[in-house]
Amino acid sequence: MDKHSKLLWTEAFQVHASDTDFRSKGRLSFLLDIMQRAADLAVSNLGLSNDEMLKSGMGWMVITMDLNLQREPLQGELLRVHTWSKGNKGALWQRDYRIYDSQDIELASARSIWALVDIKKRKILRPSALPIAVEPYLEDSVGDQPDKVVIPPELTLQEAYTYQVRYSGLDNNRHLNNARYVDLCCDALNLEEWEARELTGLHITYAQEAQYGEEITILRTPLTDDGVYIRGQGSGRMYFEACLKLKK
């Protein structure tokens with residue numbers, strides 16, 4: 001395998017019925033799932049598998065993700081995820097993604113910021129703690145580092161519902177999986193809103209990892225020109241802030 005293919009990882013995924021919503025379109029959490037799987041495979045291909053990371057007490061923690069959709073995927077489609085590391089700035093790593101359909105037309109692109117963490121201490125580690133070299137791929141770029149989500153202070157947040165973290169939401173770090181937060185955002189909208197608006201992306205910042213049994217209050221704003229802003233909070237802490245990008 002040449003250096004180019006090591007730095008730019010490509011993985012194919014099919015959209016199955018279980019990956020879709022009531023509109024027969026791929027759920028947003030499905031896109032985050034396949035992006036996460038592609039990123040894990042990319043790092044594993046460099047010589048460090050997910051299992052090896054867990055055994056060494058390390059893991060990746062996503063901080064911010066900004067995803068733009070040209071269109072939502074449909075049931076039965078074959079998608080191709082391209083992902084690459086853009087290197088690190090201090091303790092933060094940037095990873096970009098592009099998702100293509102079977103006609104090689106770009107369906108989505110995303111920028112994400114990650115940190116390497118000590119799983120037990122929940123402490124951010126220096127890049128030097130990683131036992132392999134993760135070289136940046138410089139032949140493509142989705143954009144600069146994404147900013148954290150900022151909910152405009154003039155918008156009113158109202159409670160949409162509450163959620164308690166259970167078995168089905170946990171990942172192998174025993175925390176609520178990154179993609180499940182996106183389901184929490186999507187559940188804040190009713191079906192009429194989903195039918196009236198077109199989903200064009202997601203911007204989410206993770207502030208605190210949710211653990212088993214914790215209860216999260218989901219708050220949302222009314223529909224704005226940007227979409228719907230959403231916050232997850234509880235027990236004196238904030239778990240995440242996000243914006244579901246929507247247009248008429």
# chains A, B, ... in the order shown; residues from 1 in each chain; ligands from 1
$ select_by_dssp --residues "range 8-206 of chain A" --states "strand (DSSP E or B)" --output "number ranges by chain"
A: 8-14, 20, 25-26, 58-69, 74, 78-89, 92-100, 106-118, 123-124, 158-164, 170, 175-176, 198-206
$ residues_around --residues "Lys6 in chain A" --least-positions-apart "2" --cutoff "12 Å" --atoms "only C-alpha atoms" --output "PyMOL selection string"
chain A and resi 1-4+8-10+39+41-47+82-85+133-137
$ residues_around --residues "range 90-107 of chain A" --least-positions-apart "4" --cutoff "6 Å" --atoms "only C-alpha atoms" --output "JSON, numbers by chain"
{"A": [70, 71, 78, 79, 80, 81, 82, 83, 84, 85, 86, 111, 112, 113, 114, 115, 126]}
$ select_by_dssp --residues "range 46-193 of chain A" --states "helix (DSSP H, G or I)" --output "list in words"
Asn50, Asp51, Glu52, Met53, Leu54, Lys55, Pro127, Ser128, Ala129, Tyr167, Ser168, Gly169, Asn178, Ala179, Arg180, Tyr181, Val182, Asp183, Leu184, Cys185, Cys186, Leu191, Glu192 and Glu193 of chain A
$ write_last_selection --atoms "C-alpha atoms" --output "CSV table (one decimal), in the first residue's frame"
chain,number,residue,atom,x,y,z
A,50,ASN,CA,-9.3,0.3,18.4
A,51,ASP,CA,-8.7,-2.7,20.7
A,52,GLU,CA,-5.1,-1.9,21.2
A,53,MET,CA,-5.9,1.7,22.1
A,54,LEU,CA,-8.5,0.5,24.7
A,55,LYS,CA,-5.9,-1.9,26.2
A,127,PRO,CA,0.1,13.9,20.8
A,128,SER,CA,3.5,12.3,21.8
A,129,ALA,CA,1.5,9.7,23.8
A,167,TYR,CA,-27.5,0.2,27.5
A,168,SER,CA,-28.5,0.9,23.9
A,169,GLY,CA,-26.7,4.2,23.9
A,178,ASN,CA,-21.1,10.3,19.7
A,179,ALA,CA,-23.7,9.4,17.1
A,180,ARG,CA,-26.4,8.9,19.7
A,181,TYR,CA,-26.2,12.6,20.6
A,182,VAL,CA,-27.3,13.3,17.1
A,183,ASP,CA,-30.4,11.1,17.5
A,184,LEU,CA,-31.2,13.2,20.6
A,185,CYS,CA,-31.0,16.3,18.5
A,186,CYS,CA,-33.2,14.9,15.7
A,191,LEU,CA,-42.6,14.9,12.1
A,192,GLU,CA,-44.3,18.0,10.6
A,193,GLU,CA,-41.0,19.9,10.9
$ atom_distance --atom1 "CA of Leu116 in chain A" --atom2 "CA of Leu244 in chain A"
26.5 Å
$ closest_residue --among "A:Leu170, A:Met58, A:Ala196, A:Ala17" --to "Arg122 in chain A" --atoms "only C-alpha atoms"
A:Met58
$ closest_residue --among "A:Pro146, A:Gln233, A:Arg220, A:Val165" --to "Asn177 in chain A" --atoms "only C-alpha atoms"
A:Val165
$ atom_distance --atom1 "CA of Leu223 in chain A" --atom2 "CA of Glu154 in chain A"
13.3 Å
$ closest_residue --among "A:Val15, A:Leu199, A:Ile230, A:Leu219" --to "Pro73 in chain A" --atoms "only C-alpha atoms"
A:Val15
$ closest_residue --among "A:Leu189, A:Glu195, A:Leu176, A:Phe240" --to "Gly213 in chain A" --atoms "only C-alpha atoms"
A:Leu176
$ closest_residue --among "A:Thr224, A:Gln211, A:Thr200, A:Gln75" --to "Asp21 in chain A" --atoms "only C-alpha atoms"
A:Gln75
$ closest_residue --among "A:Met35, A:Lys248, A:Lys120, A:Leu69" --to "Trp194 in chain A" --atoms "only C-alpha atoms"
A:Lys248
$ residues_around --residues "Gly201 in chain A" --least-positions-apart "4" --cutoff "10 Å" --atoms "only C-alpha atoms" --output "list in words"
Leu28, Asp66, Leu67, Asn68, Leu69, Gln70, Arg71, Glu72, Ala108, Ser109, Ala110, Gly227, Cys243, Leu244, Lys245, Leu246 and Lys247 of chain A
